[in-house]
>>> print(open('entry20.cif').read())   # mmCIF, C-alpha atoms
data_query
#
loop_
_atom_site.label_atom_id
_atom_site.label_comp_id
_atom_site.auth_asym_id
_atom_site.auth_seq_id
_atom_site.Cartn_x
_atom_site.Cartn_y
_atom_site.Cartn_z
CA MET O 11 -36.54 -0.99 225.47
CA VAL O 12 -35.05 -2.76 228.47
CA SER O 13 -35.98 -6.44 228.59
CA ILE O 14 -38.08 -8.05 231.31
CA MET O 15 -35.26 -10.41 232.28
CA THR O 16 -32.85 -7.48 232.66
CA ILE O 17 -35.27 -5.71 234.99
CA VAL O 18 -35.76 -8.80 237.13
CA ALA O 19 -32.06 -9.61 237.24
CA ASN O 20 -31.21 -6.13 238.54
CA THR O 21 -33.49 -6.30 241.56
CA ASP O 22 -33.68 -8.37 244.70
CA THR O 23 -37.29 -7.90 245.85
CA ARG O 24 -39.68 -10.85 246.32
CA ASP O 25 -39.54 -12.78 243.07
CA ALA O 26 -43.25 -13.49 242.62
CA ASP O 27 -44.33 -9.90 243.27
CA LEU O 28 -41.57 -8.59 241.04
CA GLU O 29 -42.36 -10.86 238.12
CA GLU O 30 -46.04 -9.93 238.29
CA THR O 31 -45.12 -6.25 238.50
CA VAL O 32 -43.00 -6.42 235.37
CA ALA O 33 -45.63 -8.43 233.47
CA TRP O 34 -48.41 -6.01 234.43
CA LEU O 35 -46.30 -2.98 233.52
CA LYS O 36 -45.48 -4.52 230.16
CA TYR O 37 -49.16 -5.19 229.47
CA LEU O 38 -50.25 -1.64 230.34
CA THR O 39 -47.46 0.20 228.51
CA ILE O 40 -46.54 -2.06 225.57
CA ASP O 41 -49.36 -4.50 224.87
CA VAL O 42 -52.17 -1.96 225.30
CA MET O 43 -50.21 0.91 223.71
CA ASP O 44 -52.85 3.64 224.23
CA ARG O 45 -54.79 4.19 227.49
CA SER O 46 -56.31 7.59 226.67
CA VAL O 47 -59.87 7.92 227.91
CA GLY O 48 -62.49 6.56 225.53
CA CYS O 49 -60.21 4.53 223.25
CA ASP O 50 -60.21 0.75 222.86
CA GLY O 51 -56.92 0.40 224.73
CA ASN O 52 -58.34 2.25 227.70
CA ARG O 53 -61.29 -0.13 227.86
CA ASP O 54 -58.89 -3.08 227.52
CA ALA O 55 -56.87 -1.76 230.46
CA THR O 56 -59.90 -1.32 232.72
CA ALA O 57 -61.22 -4.78 231.78
CA PHE O 58 -57.80 -6.23 232.65
CA PHE O 59 -57.74 -4.42 235.99
CA LYS O 60 -61.25 -5.69 236.82
CA ALA O 61 -60.31 -9.28 235.93
CA GLN O 62 -57.19 -9.17 238.11
CA LEU O 63 -59.19 -7.86 241.09
CA GLU O 64 -61.79 -10.58 240.71
CA GLN O 65 -59.07 -13.22 240.43
CA ALA O 66 -57.72 -11.98 243.78
CA GLY O 67 -61.18 -12.33 245.34
CA TRP O 68 -62.38 -8.71 245.35
CA ALA O 69 -65.97 -7.68 244.62
CA THR O 70 -65.89 -5.27 241.67
CA HIS O 71 -68.03 -2.42 240.42
CA GLU O 72 -67.77 -0.29 237.29
CA GLN O 73 -68.77 3.36 237.00
CA TRP O 74 -69.44 4.00 233.30
CA PHE O 75 -69.56 7.51 231.87
CA ASP O 76 -69.56 9.38 228.58
CA ALA O 77 -66.13 10.62 227.53
CA LEU O 78 -64.87 12.57 224.56
CA ASP O 79 -62.04 10.89 222.64
CA TRP O 80 -60.18 12.53 219.74
CA CYS O 81 -58.05 11.87 216.69
CA GLY O 82 -55.38 14.41 215.80
CA GLY O 83 -54.99 13.72 212.10
CA HIS O 84 -52.85 16.01 209.92
CA ALA O 85 -52.47 19.79 210.08
CA SER O 86 -50.78 22.32 207.78
CA LEU O 87 -50.29 26.08 207.63
CA LYS O 88 -49.18 27.77 204.39
CA ALA O 89 -48.66 31.29 203.10
CA ALA O 90 -49.49 32.35 199.54
CA CYS O 91 -45.78 32.61 198.73
CA GLY O 92 -45.38 28.90 199.43
CA THR O 93 -43.82 29.22 202.89
CA SER O 94 -45.10 26.50 205.22
CA PHE O 95 -45.05 26.04 208.97
CA ASP O 96 -45.21 22.93 211.14
CA VAL O 97 -48.45 22.94 213.11
CA PHE O 98 -50.25 20.24 215.08
CA PRO O 99 -53.94 19.79 215.98
CA SER O 100 -54.70 20.77 219.56
CA PRO O 101 -56.09 17.86 221.60
CA TYR O 102 -59.89 17.67 221.36
CA ALA O 103 -59.97 20.58 218.86
CA ARG O 104 -62.48 20.91 216.05
CA ARG O 105 -61.35 20.47 212.44
CA VAL O 106 -60.70 23.49 210.23
CA ASN O 107 -60.06 24.12 206.52
CA ALA O 108 -59.94 27.86 205.90
CA THR O 109 -58.03 30.82 204.48
CA ALA O 110 -57.82 34.01 206.56
CA ARG O 111 -55.57 36.89 207.49
CA LEU O 112 -53.24 36.48 210.44
CA GLU O 113 -53.45 38.56 213.62
CA ALA O 114 -50.94 38.12 216.46
CA VAL O 115 -51.24 38.98 220.15
CA SER O 116 -48.79 38.49 223.01
CA THR O 117 -50.71 40.10 225.90
CA LEU O 118 -54.21 40.02 227.29
CA ASP O 119 -54.58 43.77 226.66
CA GLN O 120 -53.79 43.24 222.98
CA LEU O 121 -56.34 40.43 222.82
CA GLU O 122 -59.01 42.75 224.24
CA CYS O 123 -58.40 45.35 221.55
CA ILE O 124 -57.82 43.22 218.46
CA GLU O 125 -60.29 43.08 215.58
CA ALA O 126 -60.16 39.40 214.67
CA GLU O 127 -63.52 38.62 213.06
CA GLY O 128 -62.84 35.96 210.42
CA ALA O 129 -59.09 35.93 211.15
CA PHE O 130 -56.55 33.49 212.54
CA ILE O 131 -55.16 34.60 215.92
CA LEU O 132 -51.59 33.69 216.88
CA LEU O 133 -51.06 33.58 220.66
CA TYR O 134 -47.40 33.98 221.64
CA GLY O 135 -45.14 35.61 224.21
CA SER O 136 -46.42 36.20 227.76
CA LEU O 137 -49.98 35.34 226.72
CA ALA O 138 -48.73 31.85 225.84
CA ALA O 139 -46.61 31.36 228.95
CA GLU O 140 -48.64 28.38 230.22
CA PRO O 141 -51.46 26.06 229.16
CA LEU O 142 -55.03 27.30 229.39
CA MET O 143 -57.07 25.44 231.98
CA PRO O 144 -60.19 23.89 230.40
CA LYS O 145 -62.95 26.44 230.73
CA ASN O 146 -65.32 24.08 232.57
CA PHE O 147 -62.73 22.36 234.79
CA PRO O 148 -64.76 21.45 237.89
CA PHE O 149 -62.28 21.88 240.73
CA PHE O 150 -60.69 25.29 240.21
CA SER O 151 -60.28 28.06 237.65
CA MET O 152 -58.09 31.11 237.11
CA ASP O 153 -59.83 34.42 236.45
CA GLU O 154 -57.26 35.68 233.94
CA GLN O 155 -57.41 32.45 231.96
CA GLN O 156 -61.20 32.46 231.95
CA ARG O 157 -61.02 36.00 230.59
CA THR O 158 -58.63 34.86 227.85
CA ILE O 159 -60.97 32.03 226.84
CA ALA O 160 -64.01 34.32 226.80
CA LEU O 161 -62.21 36.86 224.59
CA LEU O 162 -61.14 34.16 222.15
CA GLU O 163 -64.66 32.77 221.94
CA ARG O 164 -66.14 36.23 221.32
CA SER O 165 -63.47 37.24 218.81
CA GLY O 166 -65.12 35.65 215.80
CA ALA O 167 -61.77 34.13 214.82
CA LYS O 168 -61.79 31.22 212.39
CA ALA O 169 -59.01 29.46 214.32
CA ILE O 170 -56.43 29.92 217.05
CA ILE O 171 -52.71 29.20 216.58
CA THR O 172 -50.73 28.88 219.80
CA ALA O 173 -46.97 28.99 220.38
CA MET O 174 -46.54 28.20 224.06
CA GLN O 175 -43.27 29.17 225.69
CA SER O 176 -41.19 26.01 225.71
CA GLN O 177 -39.48 26.32 229.14
CA GLY O 178 -36.79 23.99 227.86
CA ALA O 179 -39.17 21.46 226.30
CA PRO O 180 -37.66 19.84 223.19
CA ARG O 181 -40.79 20.18 221.05
CA ALA O 182 -43.93 22.22 220.50
CA MET O 183 -46.52 21.80 223.24
CA PRO O 184 -50.29 22.35 223.08
CA MET O 185 -51.63 25.36 224.95
CA ILE O 186 -55.31 24.47 224.50
CA GLU O 187 -56.63 21.02 225.46
CA ASP O 188 -60.34 21.46 225.91
CA GLY O 189 -63.27 19.65 224.32
CA ASP O 190 -65.59 22.44 225.52
CA PHE O 191 -63.67 25.10 223.58
CA ASP O 192 -65.19 25.20 220.11
CA VAL O 193 -62.90 27.58 218.20
CA PRO O 194 -60.61 25.32 216.11
CA SER O 195 -56.99 25.45 217.24
CA VAL O 196 -53.52 24.20 216.34
CA TYR O 197 -50.16 24.68 218.00
CA MET O 198 -46.58 25.27 216.87
CA SER O 199 -43.08 25.83 218.26
CA GLU O 200 -41.78 29.20 219.44
CA GLU O 201 -39.21 29.09 216.65
CA ASP O 202 -41.87 28.70 213.95
CA ALA O 203 -43.95 31.42 215.62
CA ASP O 204 -41.00 33.82 215.30
CA ARG O 205 -41.04 33.18 211.53
CA LEU O 206 -44.82 33.39 211.36
CA LEU O 207 -44.92 36.86 212.94
CA SER O 208 -43.56 38.40 209.73
CA PHE O 209 -46.76 37.22 208.01
CA THR O 210 -49.05 39.21 210.34
CA GLY O 211 -51.78 40.78 208.19
CA HIS O 212 -51.16 38.29 205.37
CA ARG O 213 -53.61 35.63 204.28
CA LEU O 214 -52.73 32.07 205.24
CA GLU O 215 -54.28 28.69 204.57
CA LEU O 216 -54.85 26.48 207.61
CA ARG O 217 -56.03 22.90 207.55
CA SER O 218 -56.48 20.52 210.47
CA ASP O 219 -58.15 17.12 210.24
CA ALA O 220 -58.73 16.83 213.99
CA ALA O 221 -61.84 14.92 215.01
CA ARG O 222 -63.83 14.56 218.19
CA ILE O 223 -65.14 11.06 218.96
CA THR O 224 -67.97 10.25 221.37
CA ALA O 225 -67.06 7.30 223.55
CA LYS O 226 -67.60 5.44 226.81
CA ALA O 227 -65.16 4.72 229.64
CA ALA O 228 -65.31 3.47 233.21
CA ASN O 229 -63.75 3.60 236.63
CA VAL O 230 -63.22 0.19 238.22
CA LEU O 231 -63.66 -0.31 241.98
CA GLY O 232 -62.64 -3.34 244.00
CA ARG O 233 -64.18 -3.62 247.47
CA MET O 234 -63.29 -5.52 250.60
CA ASN O 235 -65.51 -5.55 253.74
CA LYS O 236 -68.22 -3.63 251.91
CA SER O 237 -70.49 -3.28 254.97
CA ALA O 238 -67.90 -1.40 257.06
CA ARG O 239 -68.94 2.11 258.09
CA LYS O 240 -65.44 3.55 257.56
CA ARG O 241 -63.38 3.00 254.44
CA ILE O 242 -59.81 3.43 253.23
CA VAL O 243 -59.90 4.36 249.54
CA ILE O 244 -56.72 3.69 247.54
CA THR O 245 -56.70 5.30 244.10
CA ALA O 246 -54.57 5.43 240.96
CA HIS O 247 -55.53 6.78 237.55
CA ILE O 248 -55.44 4.17 234.81
CA ASP O 249 -55.53 6.54 231.82
CA ALA O 250 -52.63 8.24 230.05
CA LYS O 251 -52.22 11.00 227.50
CA LYS O 252 -52.96 9.89 223.94
CA GLY O 253 -49.97 8.23 222.30
CA ILE O 254 -47.95 8.19 225.54
CA PRO O 255 -46.83 4.87 227.11
CA GLY O 256 -47.50 6.28 230.58
CA ALA O 257 -45.20 3.98 232.52
CA LEU O 258 -44.77 6.39 235.42
CA ASP O 259 -47.99 8.26 234.65
CA ASN O 260 -49.56 6.07 235.78
CA ALA O 261 -49.05 2.38 235.03
CA THR O 262 -46.91 2.03 238.15
CA GLY O 263 -49.77 3.36 240.28
CA VAL O 264 -52.22 0.88 238.76
CA VAL O 265 -49.77 -1.97 239.33
CA THR O 266 -49.38 -0.87 242.96
CA LEU O 267 -53.15 -1.35 243.33
CA LEU O 268 -52.95 -4.78 241.70
CA LEU O 269 -50.17 -5.78 244.10
CA LEU O 270 -52.30 -4.57 247.01
CA ALA O 271 -55.22 -6.64 245.70
CA ASN O 272 -53.09 -9.73 246.30
CA LEU O 273 -51.38 -8.47 249.47
CA LEU O 274 -54.69 -7.55 251.12
CA ALA O 275 -56.63 -10.61 249.93
CA ASP O 276 -56.78 -11.97 253.52
CA TYR O 277 -57.49 -8.57 255.12
CA ASN O 278 -59.99 -8.71 258.00
CA GLY O 279 -59.53 -5.31 259.63
CA SER O 280 -62.25 -2.97 260.86
CA HIS O 281 -62.18 -0.67 257.86
CA GLY O 282 -63.53 -1.39 254.42
CA ILE O 283 -60.95 -1.17 251.64
CA ASP O 284 -61.62 0.22 248.17
CA LEU O 285 -59.10 -0.12 245.34
CA VAL O 286 -60.14 2.35 242.65
CA ALA O 287 -58.73 2.70 239.15
CA LEU O 288 -59.95 6.19 238.31
CA ASN O 289 -60.21 7.00 234.64
CA GLY O 290 -59.56 10.49 233.35
CA GLU O 291 -56.95 12.28 235.47
CA ASP O 292 -55.13 13.14 232.22
CA HIS O 293 -58.39 14.04 230.41
CA TYR O 294 -59.39 17.70 230.17
CA ALA O 295 -62.75 17.08 231.90
CA VAL O 296 -61.60 14.58 234.60
CA PRO O 297 -64.74 12.50 233.86
CA GLY O 298 -63.70 9.62 236.09
CA GLN O 299 -63.46 11.88 239.11
CA MET O 300 -66.89 13.34 238.35
CA ALA O 301 -68.42 9.87 237.93
CA TYR O 302 -66.87 8.77 241.23
CA LEU O 303 -68.21 11.82 243.08
CA ARG O 304 -71.70 11.27 241.64
CA ASP O 305 -71.64 7.62 242.69
CA MET O 306 -70.35 8.50 246.17
CA GLU O 307 -72.71 11.42 246.76
CA GLY O 308 -73.44 11.60 250.49
CA ALA O 309 -70.98 8.81 251.29
CA LEU O 310 -67.62 10.60 251.29
CA ASP O 311 -67.92 11.01 255.06
CA GLN O 312 -67.28 7.27 255.24
CA VAL O 313 -63.76 7.78 253.84
CA THR O 314 -61.32 7.72 256.73
CA LEU O 315 -58.36 8.06 254.38
CA ASN O 316 -57.54 8.35 250.69
CA ILE O 317 -54.18 7.06 249.47
CA ASN O 318 -53.49 8.17 245.91
CA VAL O 319 -50.59 6.55 244.01
CA ASP O 320 -49.36 8.47 240.97
CA GLY O 321 -45.84 8.33 239.57
CA VAL O 322 -44.13 5.85 241.90
CA GLY O 323 -41.10 3.82 240.89
CA TYR O 324 -38.89 6.35 239.12
CA ARG O 325 -35.40 4.89 238.85
CA GLU O 326 -33.82 7.90 240.59
CA GLY O 327 -34.43 9.00 244.16
CA LYS O 328 -36.87 7.99 246.86
CA THR O 329 -40.59 7.37 247.13
CA ALA O 330 -42.32 10.47 248.50
CA TYR O 331 -45.35 10.41 250.82
CA SER O 332 -47.23 13.71 251.15
CA PHE O 333 -49.73 14.12 253.99
CA PHE O 334 -52.97 16.11 253.91
CA SER O 335 -55.05 16.74 257.06
CA LEU O 336 -54.07 13.52 258.83
CA SER O 337 -54.90 13.09 262.51
CA LYS O 338 -51.92 13.17 264.84
CA ASP O 339 -52.01 9.42 265.42
CA MET O 340 -52.39 8.62 261.73
CA GLU O 341 -49.61 11.05 260.77
CA LYS O 342 -47.32 9.47 263.34
CA SER O 343 -47.98 6.00 261.90
CA ALA O 344 -47.57 7.27 258.34
CA ALA O 345 -44.29 8.98 259.17
CA THR O 346 -42.93 5.88 260.89
CA LEU O 347 -44.10 3.21 258.46
CA LEU O 348 -43.99 5.16 255.18
CA ALA O 349 -42.00 8.38 255.05
CA ASN O 350 -39.17 7.36 257.38
CA ALA O 351 -38.29 4.11 255.61
CA PRO O 352 -34.77 4.03 254.10
CA ALA O 353 -35.94 4.41 250.48
CA SER O 354 -38.70 6.91 251.30
CA CYS O 355 -39.16 10.52 252.39
CA ARG O 356 -41.78 13.07 253.41
CA GLY O 357 -42.98 14.80 250.25
CA LEU O 358 -44.12 18.35 249.61
CA GLU O 359 -47.84 18.95 249.36
CA TRP O 360 -49.06 18.80 245.76
CA PHE O 361 -52.55 18.87 244.32
CA GLN O 362 -52.21 17.83 240.65
CA GLY O 363 -53.72 14.39 241.21
CA ASP O 364 -56.86 12.47 242.10
CA HIS O 365 -56.29 12.96 245.83
CA SER O 366 -57.26 16.61 245.35
CA MET O 367 -60.99 15.78 245.18
CA PHE O 368 -60.75 14.00 248.54
CA VAL O 369 -58.76 16.85 250.09
CA GLN O 370 -61.34 19.40 248.86
CA ALA O 371 -64.09 17.24 250.38
CA GLY O 372 -62.30 17.35 253.76
CA CYS O 373 -60.98 13.77 253.69
CA PRO O 374 -57.51 13.00 255.05
CA ALA O 375 -55.20 11.90 252.26
CA ILE O 376 -51.74 10.60 251.46
CA ALA O 377 -50.33 11.21 247.98
CA VAL O 378 -47.59 8.83 246.88
CA THR O 379 -45.16 9.58 244.06
CA SER O 380 -41.46 9.61 243.19
CA ASN O 381 -39.62 12.41 244.93
CA TRP O 382 -37.58 13.28 241.83
CA LEU O 383 -40.80 13.89 239.88
CA LEU O 384 -42.23 15.92 242.76
CA GLU O 385 -39.18 18.14 243.16
CA ASN O 386 -38.92 18.68 239.39
CA MET O 387 -42.64 18.97 238.66
CA SER O 388 -42.40 22.28 236.81
CA THR O 389 -39.34 21.43 234.70
CA GLN O 390 -39.25 17.64 234.22
CA THR O 391 -39.69 16.32 230.69
CA VAL O 392 -40.79 12.79 231.58
CA THR O 393 -44.52 12.61 232.24
CA HIS O 394 -46.87 13.33 229.33
CA ARG O 395 -43.96 12.57 226.99
CA VAL O 396 -43.17 9.64 224.72
CA GLN O 397 -40.10 9.10 226.92
CA ASP O 398 -42.33 7.81 229.74
CA THR O 399 -41.45 4.16 229.14
CA LEU O 400 -40.44 1.17 231.26
CA ASP O 401 -36.81 2.27 230.98
CA LEU O 402 -37.59 4.92 233.61
CA VAL O 403 -39.06 2.45 236.10
CA ASP O 404 -37.43 0.47 238.90
CA PRO O 405 -40.04 -2.28 239.49
CA ALA O 406 -38.55 -3.10 242.89
CA LYS O 407 -39.58 0.36 244.12
CA VAL O 408 -43.15 -0.32 243.03
CA VAL O 409 -43.20 -3.57 245.00
CA GLU O 410 -41.65 -1.92 248.06
CA CYS O 411 -44.28 0.82 247.92
CA ALA O 412 -47.08 -1.75 247.87
CA LEU O 413 -45.55 -3.68 250.77
CA ALA O 414 -45.16 -0.47 252.80
CA LEU O 415 -48.78 0.50 252.15
CA LYS O 416 -49.92 -2.97 253.20
CA ARG O 417 -48.08 -2.66 256.53
CA PHE O 418 -49.51 0.81 257.08
CA ILE O 419 -53.09 -0.25 256.28
CA TYR O 420 -52.91 -3.23 258.65
CA THR O 421 -51.54 -0.97 261.38
CA ILE O 422 -54.19 1.76 261.20
CA SER O 423 -57.16 -0.60 260.72
#
>>> encode(input="entry20.cif", output="structure tokens")
Amino acid sequence: MVSIMTIVANTDTRDADLEETVAWLKYLTIDVMDRSVGCDGNRDATAFFKAQLEQAGWATHEQWFDALDWCGGHASLKAACGTSFDVFPSPYARRVNATARLEAVSTLDQLECIEAEGAFILLYGSLAAEPLMPKNFPFFSMDEQQRTIALLERSGAKAIITAMQSQGAPRAMPMIEDGDFDVPSVYMSEEDADRLLSFTGHRLELRSDAARITAKAANVLGRMNKSARKRIVITAHIDAKKGIPGALDNATGVVTLLLLANLLADYNGSHGIDLVALNGEDHYAVPGQMAYLRDMEGALDQVTLNINVDGVGYREGKTAYSFFSLSKDMEKSAATLLANAPASCRGLEWFQGDHSMFVQAGCPAIAVTSNWLLENMSTQTVTHRVQDTLDLVDPAKVVECALALKRFIYTIS
């Protein structure tokens, strides 16, 4: 782990902002350790964010909601001959301790025809080319995936074993991450699945100690000029995948909001300003987004602009600003003050973030991230990985992003 003094020594941005940035990043990624929705560390992080806003003079509000947490535990898969396979509990899966014959399918047509009552089903090949969207995901769904989920639920299988195509990933990756999917599931590597195929029709013993945990979590909102009829809402998700430091995804976004809390402390423009730490972007049910929409029902027409910060500060490349439905005047200001700065660029449109709920509601939005992450979104092995640590972050870029957003906000309001 790179030391705090090394980070500070290698940058030349404003000392006070930089030191706070490094301290906040350290707290969120090292001191807290786990920010997954519903866990103690997540609640520690939101309490910390709330305290920092109040210290900077912002009025705060919490939006509490029910959230499912989980514990992976241990999993094992064994054949009668003694052969064993490395398997891992799927996130949010139910526990299982059973013996059953193995059936294997690689296409949706095979899944439709298979007789799998009381069996284990191995999903591999083209059927396991990508993760399954949670079946009740509120913002969009894919018909073919919904069909896959329905077939699995009706199959009568005792458990599902998935071997998602790795696409260059160095380890097995879960295909199912869904607390609303009640068939127990585990996942394994493609290599182990190749070995497992020879046991099709054989009886295997599968055990997984996964556990679902009922919990509470909250969004935290900081508000300035609360009575204003038009508001600029600046968001960043405070949660991370379980067991992942989440430096880029998304501690740097949260720290950008904390910097703005200080930078905008004397703001007296015409717009209201909301700084919102949303909780659950990396959770299968996006509960923080749903809680925010319930709380804001009928009031989203007050949002002149959403700025969503997710993944800023990567040590390579520029900061990318992506524009969604901006007015001509606002887009001109955003291009001049944000995207055309020396260390910045205009980013491609992307929708895998909290700004998507504002875009779908017809609100203008700007999504802010690191251009390297944006251009390598389908192949990068940084976010949602244990490698997402402070070593990947240039804190000076986080500070420069906050300063640029401050200038832009003052200009448009």
>>> residues_near_point(input="entry20.cif", point="(-56.3, 21.7, 224.4)", cutoff="6 Å", atoms="all atoms listed in the file", output="ChimeraX atom specification")
/O:100-101,185-188
>>> residues_around(input="entry20.cif", residues="Leu285 (chain O)", least_positions_apart="3", cutoff="12 Å", atoms="only C-alpha atoms", output="number ranges by chain")
O: 59-60, 62-64, 68-72, 229-236, 241-248, 263-272, 274-275, 282, 288, 316-319
>>> resolve_selection(input="entry20.cif", expression="the PyMOL selection byres ((chain O and resi 75-87) around 8)", output="ChimeraX atom specification")
/O:46-49,73-74,88-89,94-102,189,196,214-228,297-298,301
>>> write_last_selection(input="entry20.cif", atoms="C-alpha atoms", output="CSV table (one decimal), in the coordinates of the input")
chain,number,residue,atom,x,y,z
O,46,SER,CA,-56.3,7.6,226.7
O,47,VAL,CA,-59.9,7.9,227.9
O,48,GLY,CA,-62.5,6.6,225.5
O,49,CYS,CA,-60.2,4.5,223.2
O,73,GLN,CA,-68.8,3.4,237.0
O,74,TRP,CA,-69.4,4.0,233.3
O,88,LYS,CA,-49.2,27.8,204.4
O,89,ALA,CA,-48.7,31.3,203.1
O,94,SER,CA,-45.1,26.5,205.2
O,95,PHE,CA,-45.0,26.0,209.0
O,96,ASP,CA,-45.2,22.9,211.1
O,97,VAL,CA,-48.4,22.9,213.1
O,98,PHE,CA,-50.2,20.2,215.1
O,99,PRO,CA,-53.9,19.8,216.0
O,100,SER,CA,-54.7,20.8,219.6
O,101,PRO,CA,-56.1,17.9,221.6
O,102,TYR,CA,-59.9,17.7,221.4
O,189,GLY,CA,-63.3,19.6,224.3
O,196,VAL,CA,-53.5,24.2,216.3
O,214,LEU,CA,-52.7,32.1,205.2
O,215,GLU,CA,-54.3,28.7,204.6
O,216,LEU,CA,-54.8,26.5,207.6
O,217,ARG,CA,-56.0,22.9,207.6
O,218,SER,CA,-56.5,20.5,210.5
O,219,ASP,CA,-58.2,17.1,210.2
O,220,ALA,CA,-58.7,16.8,214.0
O,221,ALA,CA,-61.8,14.9,215.0
O,222,ARG,CA,-63.8,14.6,218.2
O,223,ILE,CA,-65.1,11.1,219.0
O,224,THR,CA,-68.0,10.2,221.4
O,225,ALA,CA,-67.1,7.3,223.6
O,226,LYS,CA,-67.6,5.4,226.8
O,227,ALA,CA,-65.2,4.7,229.6
O,228,ALA,CA,-65.3,3.5,233.2
O,297,PRO,CA,-64.7,12.5,233.9
O,298,GLY,CA,-63.7,9.6,236.1
O,301,ALA,CA,-68.4,9.9,237.9
>>> atom_distance(input="entry20.cif", atom1="CA of Glu200 (chain O)", atom2="CA of Pro141 (chain O)")
14.1 Å
>>> closest_residue(input="entry20.cif", among="O:Cys91, O:Met183, O:Val392, O:Ile419", to="Asp284 (chain O)", atoms="only C-alpha atoms")
O:Ile419
>>> resolve_selection(input="entry20.cif", expression="the PyMOL selection byres ((chain O and resi 137) around 7)", output="PyMOL selection string")
chain O and resi 116-118+133-136+138-139
>>> closest_residue(input="entry20.cif", among="O:Glu113, O:Glu29, O:Asp292, O:Glu140", to="Ala406 (chain O)", atoms="only C-alpha atoms")
O:Glu29
>>> atom_distance(input="entry20.cif", atom1="CA of Gly256 (chain O)", atom2="CA of Leu310 (chain O)")
29.2 Å
>>> residues_around(input="entry20.cif", residues="region 324-341 of chain O", least_positions_apart="6", cutoff="6 Å", atoms="all atoms listed in the file", output="PyMOL selection string")
chain O and resi 349+353-359+374-382+402-404
>>> atom_distance(input="entry20.cif", atom1="CA of Arg239 (chain O)", atom2="CA of Gln312 (chain O)")
6.1 Å
>>> axis_aligned_box(input="entry20.cif", around="region 296-302 of chain O", padding_each_side="6 Å", output="JSON")
{"center_x": -65.0, "center_y": 11.7, "center_z": 237.5, "size_x": 18.8, "size_y": 17.8, "size_z": 19.4}
>>> closest_residue(input="entry20.cif", among="O:Thr39, O:Ser423, O:Gln65, O:Thr262", to="Gly51 (chain O)", atoms="all atoms listed in the file")
O:Thr39
>>> closest_residue(input="entry20.cif", among="O:Asn52, O:Ser176, O:Gln155, O:Asn260", to="Val408 (chain O)", atoms="only C-alpha atoms")
O:Asn260
>>> resolve_selection(input="entry20.cif", expression="the PyMOL selection byres ((chain O and resi 163) around 12)", output="PDB file with C-alpha atoms, in the coordinates of the input")
ATOM      1  CA  LEU O 121     -56.340  40.430 222.820  1.00  0.00           C
ATOM      2  CA  GLU O 122     -59.010  42.750 224.240  1.00  0.00           C
ATOM      3  CA  ALA O 126     -60.160  39.400 214.670  1.00  0.00           C
ATOM      4  CA  GLU O 127     -63.520  38.620 213.060  1.00  0.00           C
ATOM      5  CA  ILE O 131     -55.160  34.600 215.920  1.00  0.00           C
ATOM      6  CA  LYS O 145     -62.950  26.440 230.730  1.00  0.00           C
ATOM      7  CA  GLN O 156     -61.200  32.460 231.950  1.00  0.00           C
ATOM      8  CA  ARG O 157     -61.020  36.000 230.590  1.00  0.00           C
ATOM      9  CA  THR O 158     -58.630  34.860 227.850  1.00  0.00           C
ATOM     10  CA  ILE O 159     -60.970  32.030 226.840  1.00  0.00           C
ATOM     11  CA  ALA O 160     -64.010  34.320 226.800  1.00  0.00           C
ATOM     12  CA  LEU O 161     -62.210  36.860 224.590  1.00  0.00           C
ATOM     13  CA  LEU O 162     -61.140  34.160 222.150  1.00  0.00           C
ATOM     14  CA  ARG O 164     -66.140  36.230 221.320  1.00  0.00           C
ATOM     15  CA  SER O 165     -63.470  37.240 218.810  1.00  0.00           C
ATOM     16  CA  GLY O 166     -65.120  35.650 215.800  1.00  0.00           C
ATOM     17  CA  ALA O 167     -61.770  34.130 214.820  1.00  0.00           C
ATOM     18  CA  LYS O 168     -61.790  31.220 212.390  1.00  0.00           C
ATOM     19  CA  ALA O 169     -59.010  29.460 214.320  1.00  0.00           C
ATOM     20  CA  ILE O 170     -56.430  29.920 217.050  1.00  0.00           C
ATOM     21  CA  ASP O 190     -65.590  22.440 225.520  1.00  0.00           C
ATOM     22  CA  PHE O 191     -63.670  25.100 223.580  1.00  0.00           C
ATOM     23  CA  ASP O 192     -65.190  25.200 220.110  1.00  0.00           C
ATOM     24  CA  VAL O 193     -62.900  27.580 218.200  1.00  0.00           C
ATOM     25  CA  PRO O 194     -60.610  25.320 216.110  1.00  0.00           C
ATOM     26  CA  SER O 195     -56.990  25.450 217.240  1.00  0.00           C
TER      27      SER O 195
END
>>> closest_residue(input="entry20.cif", among="O:Leu315, O:Leu258, O:Met152, O:Leu28", to="Phe368 (chain O)", atoms="only C-alpha atoms")
O:Leu315
>>> closest_residue(input="entry20.cif", among="O:Ala182, O:Val313, O:Val322, O:Ala103", to="Lys407 (chain O)", atoms="all atoms listed in the file")
O:Val322
>>> residues_near_point(input="entry20.cif", point="(-40.6, 24.8, 217.8)", cutoff="12 Å", atoms="all atoms listed in the file", output="list in words")
Phe95, Asp96, Val97, Phe98, Thr172, Ala173, Met174, Gln175, Ser176, Gln177, Gly178, Ala179, Pro180, Arg181, Ala182, Met183, Pro184, Tyr197, Met198, Ser199, Glu200, Glu201, Asp202, Ala203, Asp204, Arg205 and Leu206 of chain O
>>> residues_around(input="entry20.cif", residues="Gly253 (chain O)", least_positions_apart="2", cutoff="7 Å", atoms="all atoms listed in the file", output="VMD selection string")
chain O and resid 44 251 255
>>> decode(input="entry20.cif", residues="region 389-395 of chain O", atoms="C-alpha atoms", output="compact mmCIF listing (two decimals), in the first residue's frame")
# COMPACT_ATOMS: atom_id res chain seq x y z
CA THR O 389 -12.59 -5.38 -20.20
CA GLN O 390 -11.04 -3.58 -17.22
CA THR O 391 -10.22 -5.66 -14.16
CA VAL O 392 -10.12 -2.84 -11.60
CA THR O 393 -13.59 -2.04 -10.28
CA HIS O 394 -15.38 -4.73 -8.25
CA ARG O 395 -11.97 -6.31 -7.63
